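In what follows, a single structure is set out as C-alpha cells and then discussed.
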Amino acid sequence: MSDLDRVLSRIDSDFDNSLARLFDLLRIKSISTDPAFKADCRQAADWLARELTALGIDADVRDTTGHPMVVGHRKTDGKDDAKAGPHVLFYGHYDVQPVDPLDLWERDPFDPAVVTREDGSKMIVARGAADDKGQLMTFVEAARAWIAETGGLPVPVSVLLEGEEESGSPSLHPFLTANKDELACDLALVCDTGMWDRETPAITTMLRGLVGEEITITAADKDLHSGMYGGAARNPLHVLSSVLAGLHDETGRVTLPHFYDGVIEMPDDVRALWDQLGFDHEAFLGGVDLKYPAGEADRGALEHIWTRPTCEVNGVWGGYTGAGFKTVIPSQAHAKVSFRLVGDQDPDQIRLAFRTYVREHLPADCTVSFSKHGGSPALRLPFDSDALAKGRKALADEWGREAALIGCGGSIPIVGDFKTMLGMDSLLIGFGLDDDRVHSPNEKYEMTSYHKGIRSWARVLGELAKG
Ligand code: BES
Ligand code: ZN
C-alpha cells in the first residue's frame, strides 16, 4: 500500500473523530464583528493552536490589536527537507458571521448537529459549518492523517488562521508586514471557496474585490416633531433615499463616473467554456425563492457574479423603527453600502468617486460623514501554474471528475495581500455549495464535503510533493 493509500484509509477510519473535533470548534461562538464575543474568538484561537500542536504542527496564538492569529509550522519528516516540494502556507479563518435573525434558525446555531435528509444524505448544521470552520478543518484533519500515518508531511507546511476575516481583517496587514519573513512561503493554500456542484470539485481562479462604506447624513441637531417641522425642515432619510436611488440607472448600471474603468469584458472563448458548464440560472434563483434576474440587463447570472462589479446597499436605518408609530423627522440617516470589484478596478478610486457623488448631491443644511470598511482589489490567478495542475490532478483522483475552473462572487481580501506583500500565488480549493446558506440562518456543510474535502487535501499535499 502506498503512503497515500494508508493516509486515505486512516481518514476514513478516523472520520467520526474528525467530525467530533469539528463539532468542538463549532460550539465556540467566535463572532468577530461583535465585541461581546471577543473572549470566544480567543477561545477558538486557543483551541486551534492546541489541536495543531497536538497533531504535530507547532502552533501558537499571536496577539494583534484585534482578534488573535494562530500560526504554526511543520517541516516534513525532518529527514530530507531540502528535497521536499514547495513550502505551503495554509490559510483559513476561525471567525464567523453574526447569527441574527435568530428566530429563523431551526436549532441553536452553536449546537452543531448532523441532519439526515430523506434521501439519506447528511449535512452538518451550525454557524460556521461551511464558512469557514468546516473547510479549515478539512486541511487540519488531512495534515493529522499524514503525520499520524507516515510520521511527517509530504511538503513543509505552515498555517495561518485569522479571526477577523468576516469583519474586514483590520489586523492582517500589519501582521503580515511584521511577520513577512516567517510567513512568506512558496504557495498559499486557501480553503474558503466552493465546488461547482455537489459532485464536481472546483478550483477558484477569480475573486471579486470589495469596498465598504458607512455613511451618515445629518440635518437638524435633534429628532423633530413631523407636524411642527414637516415641510419646513430637511428630512435626511429622504436625502439618503434619493442618493442611494441615484447609484443605479434604469438599466442596472452603476452611475458613478469612471466606475467601470478597469472592468474587463469576458472574452468569447471564456464565455464559451462557461456556457459548457451548463449553469442552471432558474434553479440558482429558485433556490432562494426568486425568479427574475436583477442587475445589469443582458448579462447571465454567472457573468454577473464572476465578472461584473456591483454596488449593493447592505443596510439602511434612521428615525423611528420600533413598535407602533412615532411622528418624527429624524436628525440622522445611515446606510452601509458595498461595492464588489472585478478586473483592475481600483478600490481607492471607487471609494473617492462614491464620496464625491454623495457630497455633490447633498442639499443645503445637511452634512455627511463616512467611515471605511475594508478595501481590496479583485484577483485573477494564473491558469497555467504547476500548483493548479497538481490541484486538478488530486481533485480528479478523489472525485472521479475533472475540477471546474471557476470564478467567485465573494471576496477573500488576504489572497491579494499574499501576492502583493508576500509574493505568493494561492491555490483556492474549497468544498462549499451554493445552497450552504453561508452568512444566513441554518448554515450547513455537506457531510461529503467534509469527508471528501479531507481526502482531497491529503491528495493535494501528496501531489505537491511530486517533482
Ligand atoms: N468564504 C467567503 C467568501 C466566499 C463567498 C467564497 C462565497 C465563495 C463563495 C468569505 O468568508 C467571505 O464571506 N468574505 C467576505 C469578505 C468581507 C467581509 C471582507 C465577503 O465576501 O463578503
Ligand atoms: Zn464569510
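Residues in the C-alpha cells are named by chain (A, B, ... in the order shown) and by number from 1 within that chain; ligands are numbered from 1 in the order shown.
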
Excluding same-chain residues fewer than 5 positions from Ser385 in chain A, what lies within 10 Å of it counting only C-alpha atoms, as a ChimeraX atom specification?
-> /A:390-391,425,427

- Query: Any idea what's packed within 10 Å of Ser30 in chain A, counting only C-alpha atoms, ignoring anything in its chain fewer than 5 positions away? Could you give it as a ChimeraX atom specification?
  - Reply: /A:25,36-45,67,94-98,110,127-128,163-164

request  = Identify, counting only C-alpha atoms and all ligand atoms, the protein, DNA and RNA residues located within 7 Å of ligand 2, and give them as a list in words.
outcome  =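 Checked against 7 Å with only C-alpha atoms and all ligand atoms; the hits are Val96, Gln97, Asp131, Asp132, Glu166, Val438 and His439 of chain A.
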
Selection file, N, CA, C and O atoms, as a PDB file, in the first residue's frame:
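Result written to out.pdb:
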ATOM      1  N   VAL A  96     -16.712  33.751  12.610  1.00  0.00           N
ATOM      2  CA  VAL A  96     -17.967  33.513  11.877  1.00  0.00           C
ATOM      3  C   VAL A  96     -18.809  34.791  11.863  1.00  0.00           C
ATOM      4  O   VAL A  96     -18.533  35.734  12.598  1.00  0.00           O
ATOM      5  N   GLN A  97     -19.823  34.764  11.030  1.00  0.00           N
ATOM      6  CA  GLN A  97     -20.755  35.887  10.931  1.00  0.00           C
ATOM      7  C   GLN A  97     -21.755  35.855  12.102  1.00  0.00           C
ATOM      8  O   GLN A  97     -21.999  34.785  12.677  1.00  0.00           O
ATOM      9  N   ASP A 131     -18.449  28.142   6.478  1.00  0.00           N
ATOM     10  CA  ASP A 131     -17.675  29.394   6.352  1.00  0.00           C
ATOM     11  C   ASP A 131     -17.152  29.804   7.710  1.00  0.00           C
ATOM     12  O   ASP A 131     -17.802  30.540   8.419  1.00  0.00           O
ATOM     13  N   ASP A 132     -15.977  29.361   8.155  1.00  0.00           N
ATOM     14  CA  ASP A 132     -15.043  28.590   7.358  1.00  0.00           C
ATOM     15  C   ASP A 132     -14.498  27.433   8.198  1.00  0.00           C
ATOM     16  O   ASP A 132     -13.521  26.796   7.862  1.00  0.00           O
ATOM     17  N   GLU A 166     -14.317  37.923   8.618  1.00  0.00           N
ATOM     18  CA  GLU A 166     -15.693  38.354   8.403  1.00  0.00           C
ATOM     19  C   GLU A 166     -15.908  39.803   8.809  1.00  0.00           C
ATOM     20  O   GLU A 166     -17.007  40.331   8.687  1.00  0.00           O
ATOM     21  N   VAL A 438     -24.353  30.233   3.649  1.00  0.00           N
ATOM     22  CA  VAL A 438     -23.318  30.956   4.382  1.00  0.00           C
ATOM     23  C   VAL A 438     -23.815  32.369   4.657  1.00  0.00           C
ATOM     24  O   VAL A 438     -24.494  32.962   3.821  1.00  0.00           O
ATOM     25  N   HIS A 439     -23.537  32.877   5.823  1.00  0.00           N
ATOM     26  CA  HIS A 439     -23.980  34.187   6.328  1.00  0.00           C
ATOM     27  C   HIS A 439     -25.488  34.220   6.596  1.00  0.00           C
ATOM     28  O   HIS A 439     -26.004  35.257   6.983  1.00  0.00           O
TER      29      HIS A 439
END

Contact check, chain A to ligand 1, at most 9 Å, counting only C-alpha atoms and all ligand atoms, closest pairs as CSV:
residue,atom,partner,partner_atom_place_in_ligand_line,distance
A:Gly92,CA,ligand 1,11 (O),9.0
A:His93,CA,ligand 1,11 (O),7.6
A:Asp95,CA,ligand 1,11 (O),8.8
A:Val96,CA,ligand 1,11 (O),8.0
A:Gln97,CA,ligand 1,13 (O),8.3
A:Ala130,CA,ligand 1,1 (N),8.0
A:Asp131,CA,ligand 1,1 (N),5.3
A:Asp132,CA,ligand 1,1 (N),6.4
A:Glu164,CA,ligand 1,18 (C),8.6
A:Glu165,CA,ligand 1,18 (C),6.1
A:Glu166,CA,ligand 1,18 (C),4.2
A:Ser167,CA,ligand 1,18 (C),5.1
A:Gly168,CA,ligand 1,19 (C),4.1
A:Ser169,CA,ligand 1,19 (C),7.0
A:Cys191,CA,ligand 1,1 (N),8.3
A:Asp192,CA,ligand 1,1 (N),4.5
A:Thr193,CA,ligand 1,8 (C),3.9
A:Gly194,CA,ligand 1,8 (C),5.3
A:Met195,CA,ligand 1,8 (C),8.9
A:Thr204,CA,ligand 1,8 (C),8.6
A:Leu207,CA,ligand 1,6 (C),8.1
A:Arg208,CA,ligand 1,21 (O),8.0
A:Gly209,CA,ligand 1,21 (O),8.2
A:Leu210,CA,ligand 1,19 (C),6.6
A:Val211,CA,ligand 1,19 (C),8.3
A:Gly212,CA,ligand 1,19 (C),8.3
A:Arg340,CA,ligand 1,21 (O),8.5
A:His373,CA,ligand 1,19 (C),8.1
A:Gly374,CA,ligand 1,19 (C),6.2
A:Gly375,CA,ligand 1,19 (C),7.8
A:Ser376,CA,ligand 1,19 (C),8.1
A:Gly407,CA,ligand 1,8 (C),8.9
A:Cys408,CA,ligand 1,8 (C),5.6
A:Gly409,CA,ligand 1,7 (C),6.0
A:Gly410,CA,ligand 1,21 (O),3.7
A:Ser411,CA,ligand 1,21 (O),3.7
A:Ile412,CA,ligand 1,14 (N),5.3
A:Pro413,CA,ligand 1,19 (C),6.2
A:Gly430,CA,ligand 1,8 (C),8.1
A:Gly432,CA,ligand 1,8 (C),7.3
A:Leu433,CA,ligand 1,9 (C),8.1
A:Asp434,CA,ligand 1,9 (C),7.4
A:Val438,CA,ligand 1,7 (C),7.6
A:His439,CA,ligand 1,13 (O),7.2

Item to complete: Any chance you could list, as a PyMOL selection string, the residues in range 337-386 of chain A that come up strand (DSSP E) when DSSP is run on the backbone?
Response: chain A and resi 337-341+367-376+379-380

Residue selection dump (N, CA and C atoms) as a short mmCIF file (atom, residue, chain, number, x, y, z; two decimals), in the first residue's frame:
data_model
loop_
_atom_site.label_atom_id
_atom_site.label_comp_id
_atom_site.auth_asym_id
_atom_site.auth_seq_id
_atom_site.Cartn_x
_atom_site.Cartn_y
_atom_site.Cartn_z
N VAL A 337 -23.02 50.66 2.47
CA VAL A 337 -23.02 50.40 1.03
C VAL A 337 -21.72 49.67 0.69
N SER A 338 -21.83 48.63 -0.13
CA SER A 338 -20.57 47.96 -0.52
C SER A 338 -20.53 47.78 -2.03
N PHE A 339 -19.33 47.71 -2.54
CA PHE A 339 -19.08 47.52 -3.97
C PHE A 339 -18.25 46.25 -4.12
N ARG A 340 -18.67 45.37 -5.02
CA ARG A 340 -17.83 44.23 -5.40
C ARG A 340 -17.08 44.64 -6.66
N LEU A 341 -15.79 44.38 -6.67
CA LEU A 341 -14.96 44.85 -7.78
C LEU A 341 -14.43 43.69 -8.62
N THR A 367 -25.13 67.62 6.43
CA THR A 367 -23.71 67.25 6.41
C THR A 367 -23.62 65.73 6.27
N VAL A 368 -22.46 65.26 5.84
CA VAL A 368 -22.29 63.82 5.70
C VAL A 368 -20.96 63.39 6.30
N SER A 369 -20.94 62.22 6.91
CA SER A 369 -19.65 61.65 7.33
C SER A 369 -19.59 60.22 6.82
N PHE A 370 -18.36 59.76 6.59
CA PHE A 370 -18.15 58.43 6.01
C PHE A 370 -17.25 57.62 6.93
N SER A 371 -17.45 56.34 6.99
CA SER A 371 -16.40 55.52 7.58
C SER A 371 -16.14 54.32 6.69
N LYS A 372 -14.90 53.95 6.69
CA LYS A 372 -14.37 53.00 5.71
C LYS A 372 -14.41 51.58 6.26
N HIS A 373 -14.86 50.63 5.46
CA HIS A 373 -14.83 49.22 5.88
C HIS A 373 -14.14 48.39 4.81
N GLY A 374 -12.87 48.20 4.97
CA GLY A 374 -12.17 47.30 4.04
C GLY A 374 -12.09 47.82 2.62
N GLY A 375 -11.10 47.41 1.93
CA GLY A 375 -10.94 47.77 0.53
C GLY A 375 -9.92 46.81 -0.07
N SER A 376 -10.38 45.99 -1.01
CA SER A 376 -9.44 45.05 -1.62
C SER A 376 -9.77 44.93 -3.10
N LEU A 379 -9.10 39.74 -7.91
CA LEU A 379 -7.91 38.93 -8.12
C LEU A 379 -8.11 37.90 -9.21
N ARG A 380 -7.11 37.77 -10.06
CA ARG A 380 -7.13 36.68 -11.07
C ARG A 380 -5.86 35.86 -10.87
#

Can you pull out the residues contacting Ala387 in chain A? Cut-off 10 Å, using only C-alpha atoms, and skip same-chain residues under 4 positions away; I want them as JSON, numbers by chain. {"A": [86, 187, 188, 189, 382, 383, 391, 392, 393, 425, 426, 427, 460, 463, 464]}

_Distance query Gly319 in chain A at most 9 Å, only C-alpha atoms, self and fewer than 3 positions along chain excluded, as a list in words_ =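 Once the adjacent positions are removed, what remains is Asp223, Leu237, Lys326, Val328, Ile329, Pro330, Ser331, Gln332 and Ala333 of chain A.
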
- request: Pick out the residues sitting within 12 Å of Arg117 in chain A, and hand them over as an MDAnalysis selection string; count only C-alpha atoms, and ignore anything fewer than 6 positions along from it in its own chain.
  value: chainID A and resid 123:124 446:447

Item to check | Which of A:Arg74, A:His87, A:Lys222, A:Lys29 sits closest to Pro236 in chain A [using only C-alpha atoms] | outcome: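 Distance minimum relative to Pro236 in chain A lands on A:Lys222.
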
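If you look at CA of Ile11 in chain A and CA of Ala145 in chain A, they are 6.1 Å away from each other.
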
Practice task
Using DSSP on the backbone coordinates, identify all residues within range 69-204 of chain A classified as alpha helix (DSSP H); present the result as a PyMOL selection string.
Solution key: chain A and resi 133-150+172-178+180-183

Same residues, C-alpha atoms, saved as a short mmCIF file (atom, residue, chain, number, x, y, z; two decimals), in the first residue's frame:
data_model
loop_
_atom_site.label_atom_id
_atom_site.label_comp_id
_atom_site.auth_asym_id
_atom_site.auth_seq_id
_atom_site.Cartn_x
_atom_site.Cartn_y
_atom_site.Cartn_z
CA LYS A 133 -14.62 26.16 10.26
CA GLY A 134 -15.67 23.01 8.37
CA GLN A 135 -13.47 23.99 5.47
CA LEU A 136 -10.39 24.82 7.52
CA MET A 137 -10.75 21.56 9.43
CA THR A 138 -10.61 19.62 6.13
CA PHE A 139 -6.97 20.69 5.90
CA VAL A 140 -6.20 20.21 9.59
CA GLU A 141 -7.57 16.66 9.51
CA ALA A 142 -5.67 15.83 6.31
CA ALA A 143 -2.44 17.00 7.95
CA ARG A 144 -3.27 14.98 11.05
CA ALA A 145 -3.69 11.80 8.99
CA TRP A 146 -0.41 12.29 7.10
CA ILE A 147 1.57 12.84 10.29
CA ALA A 148 -0.12 10.02 12.21
CA GLU A 149 0.32 7.54 9.39
CA THR A 150 3.74 8.41 7.99
CA LEU A 172 -4.00 41.42 8.89
CA HIS A 173 -1.96 44.00 7.01
CA PRO A 174 0.18 44.98 9.99
CA PHE A 175 0.54 41.33 10.97
CA LEU A 176 1.75 40.28 7.52
CA THR A 177 4.16 43.21 7.42
CA ALA A 178 5.58 42.40 10.84
CA LYS A 180 6.80 38.69 6.43
CA ASP A 181 9.87 36.51 6.71
CA GLU A 182 8.13 33.93 8.82
CA LEU A 183 5.03 33.71 6.62
#

Any idea what's packed within 10 Å of Gly423 in chain A, counting only C-alpha atoms, ignoring anything in its chain fewer than 3 positions away? Could you give it as JSON, numbers by chain? {"A": [184, 185, 186, 187, 416, 417, 418, 419, 420, 426]}

How would the residues just chosen look if you wrote them out with N, CA and C atoms as a compact mmCIF listing (two decimals), in the first residue's frame?
# COMPACT_ATOMS: atom_id res chain seq x y z
N ALA A 184 6.20 34.20 4.54
CA ALA A 184 6.37 34.09 3.08
C ALA A 184 6.78 32.66 2.73
N CYS A 185 5.95 31.97 1.97
CA CYS A 185 6.23 30.59 1.56
C CYS A 185 6.23 30.55 0.03
N ASP A 186 6.20 29.35 -0.53
CA ASP A 186 6.19 29.26 -2.00
C ASP A 186 4.77 29.37 -2.56
N LEU A 187 3.81 28.97 -1.75
CA LEU A 187 2.44 28.89 -2.27
C LEU A 187 1.46 28.95 -1.09
N GLY A 416 -5.14 38.68 -2.09
CA GLY A 416 -4.42 39.76 -2.78
C GLY A 416 -3.16 40.15 -2.01
N ASP A 417 -3.27 40.21 -0.67
CA ASP A 417 -2.11 40.57 0.15
C ASP A 417 -1.00 39.52 0.06
N PHE A 418 -1.41 38.26 -0.04
CA PHE A 418 -0.39 37.21 -0.18
C PHE A 418 0.48 37.50 -1.40
N LYS A 419 -0.17 37.96 -2.47
CA LYS A 419 0.58 38.22 -3.70
C LYS A 419 1.41 39.50 -3.56
N THR A 420 0.75 40.59 -3.15
CA THR A 420 1.46 41.87 -3.18
C THR A 420 2.46 41.98 -2.02
N SER A 426 -1.74 31.82 -4.84
CA SER A 426 -2.58 30.98 -3.98
C SER A 426 -3.26 29.92 -4.82

| request: Quote the spacing between CA of Leu4 in chain A and CA of Pro156 in chain A in Å to one decimal place. | output: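 Distance reported for this atom pair: 16.4 Å.
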
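Considering the residues A:Gly152, A:Gly318, A:Gly287, A:Pro293 and counting only C-alpha atoms, Ile215 in chain A has its shortest atom-to-atom contact with A:Gly318.
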
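Comparing A:Phe259, A:Trp274, A:Phe325, A:Tyr229 by their smallest distance to Ile350 in chain A, the closest is A:Phe259 (using only C-alpha atoms).
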
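One finds CA of Leu8 in chain A at 28.0 Å from CA of Asp46 in chain A.
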